[in-house]
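S.K.: Before I ask anything, here is the structure I am working with.
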Amino acid sequence: MPTNLTATIDGQPVPLDECGWIERRPCGCIVAAVLAVVETVDDSGHVLATADQAHRHLNPTKRDRDKAARARLTTELITMRHYREDIGAKWECEQHATKPAYHCPNAVHTLRWDLHPGTTTQGWILTHGTTVLDALDGYPPGRPPVPAVEAHAWAGRILGTPQSWVEQPPRSGAYHTHPNADCT
């Protein structure tokens, strides 16, 4: 079902096959996304050429559309290249994004439950500064199936010594170590 349709995004013509639609809250958070063109073997795919078509696809019932209207959701066409390079797993606006633990200027290592860059899988990520040392990954989005205490032991084995982990901010699921026990 490849189409010959094009859209204009930022003044440039783009094949609709290379686009997707996102719905955003007024704050900027993305709440839904869909490819503009989906091919299937049984021809049950779709072509969403307008914002209204995408909105109706993402909100199939009148109740869904009314709820979206009350939430003041907007439907926006983007290139999939923009999605891959600039959005990926970052659906939250700056105001609502989860703040990572590695904000501590004295941190040596960080261990956090997070999405892996460029993927849709989550896992515990061990870093030194901004360098990823290892990842205990491959889990679908959701709560960590590996408890933090096991992740701490795993990280200690990789680093060669047991570590004293500080959870910062509290109950964030993000931990760090540093030479002294003082977070400044």
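Labels used: A, B, ... for chains in the order of the structure tokens, numbers from 1 for residues in each chain, and numbers from 1 for ligands as shown.
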Identify, on the basis of only C-alpha atoms, every residue whose closest approach to Arg65 of chain A does not exceed 9 Å; exclude the query and any residue fewer than 5 positions from it along the same chain; express the result as a PyMOL selection string.
M.R.: chain A and resi 55-56+58-60+70
S.K.: Take the residues that were just selected and, keeping N, CA and C atoms, output them as an mmCIF file, in the first residue's frame.
M.R.:
data_model
loop_
_atom_site.group_PDB
_atom_site.id
_atom_site.type_symbol
_atom_site.label_atom_id
_atom_site.label_comp_id
_atom_site.auth_asym_id
_atom_site.auth_seq_id
_atom_site.Cartn_x
_atom_site.Cartn_y
_atom_site.Cartn_z
ATOM 1 N N HIS A 55 -6.662 11.825 14.141
ATOM 2 C CA HIS A 55 -7.363 12.033 15.409
ATOM 3 C C HIS A 55 -8.450 10.977 15.597
ATOM 4 N N ARG A 56 -9.216 10.688 14.549
ATOM 5 C CA ARG A 56 -10.279 9.681 14.633
ATOM 6 C C ARG A 56 -9.703 8.274 14.783
ATOM 7 N N LEU A 58 -6.838 7.581 16.367
ATOM 8 C CA LEU A 58 -6.328 7.508 17.733
ATOM 9 C C LEU A 58 -7.438 7.593 18.779
ATOM 10 N N ASN A 59 -8.567 8.155 18.401
ATOM 11 C CA ASN A 59 -9.717 8.317 19.296
ATOM 12 C C ASN A 59 -10.955 7.799 18.571
ATOM 13 N N PRO A 60 -11.129 6.484 18.496
ATOM 14 C CA PRO A 60 -12.145 5.896 17.615
ATOM 15 C C PRO A 60 -13.601 6.138 18.018
ATOM 16 N N ARG A 70 -11.678 17.746 25.582
ATOM 17 C CA ARG A 70 -11.599 18.342 26.929
ATOM 18 C C ARG A 70 -10.148 18.495 27.376
#
S.K.: May I have the residues within 7 Å of segment 77-82 of chain A as a list of chain:residue names, using only C-alpha atoms and disregarding those fewer than 4 positions away in the same chain?
M.R.: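 Using only C-alpha atoms, the neighbours found are A:Glu18, A:Cys19, A:Gly20, A:Trp21, A:Ile22, A:Asp86, A:Ile87.
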S.K.: Once you have the residues from the selection above, write them out as a compact mmCIF listing (two decimals), in the first residue's frame, restricted to N, CA and C atoms.
M.R.:
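The resulting file, selection.txt, is shown below:
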# COMPACT_ATOMS: atom_id res chain seq x y z
N GLU A 18 6.75 8.30 5.00
CA GLU A 18 7.85 8.55 5.93
C GLU A 18 7.41 9.43 7.10
N CYS A 19 6.10 9.49 7.35
CA CYS A 19 5.57 10.37 8.38
C CYS A 19 4.77 9.60 9.43
N GLY A 20 4.50 10.28 10.51
CA GLY A 20 3.64 9.75 11.55
C GLY A 20 2.88 10.91 12.19
N TRP A 21 1.87 10.57 12.96
CA TRP A 21 1.06 11.56 13.66
C TRP A 21 1.26 11.38 15.16
N ILE A 22 1.37 12.49 15.87
CA ILE A 22 1.42 12.43 17.33
C ILE A 22 0.32 13.31 17.90
N ASP A 86 14.92 12.81 17.38
CA ASP A 86 14.70 13.85 18.38
C ASP A 86 13.70 13.49 19.49
N ILE A 87 12.79 12.56 19.22
CA ILE A 87 11.76 12.26 20.21
C ILE A 87 12.01 10.91 20.85
S.K.: Contacts of Gly28 of chain A at 8 Å or less, counting only C-alpha atoms, minus same-chain residues fewer than 4 places along, as a short mmCIF file (atom, residue, chain, number, x, y, z; two decimals) with N, CA and C atoms, in the first residue's frame?
M.R.:
data_model
loop_
_atom_site.label_atom_id
_atom_site.label_comp_id
_atom_site.auth_asym_id
_atom_site.auth_seq_id
_atom_site.Cartn_x
_atom_site.Cartn_y
_atom_site.Cartn_z
N ARG A 24 -0.56 15.58 21.26
CA ARG A 24 0.10 16.22 22.39
C ARG A 24 -0.91 16.90 23.31
N GLU A 92 7.59 12.89 27.39
CA GLU A 92 7.20 13.90 28.38
C GLU A 92 7.81 15.24 28.03
N CYS A 93 7.06 16.30 28.31
CA CYS A 93 7.59 17.65 28.15
C CYS A 93 8.63 17.87 29.25
#
S.K.: Enumerate, as number ranges by chain, the complete set of residues in segment 24-88 of chain A that a backbone-based DSSP assignment places in helix (DSSP H, G or I).
M.R.: A: 51-58, 62-70, 80-87
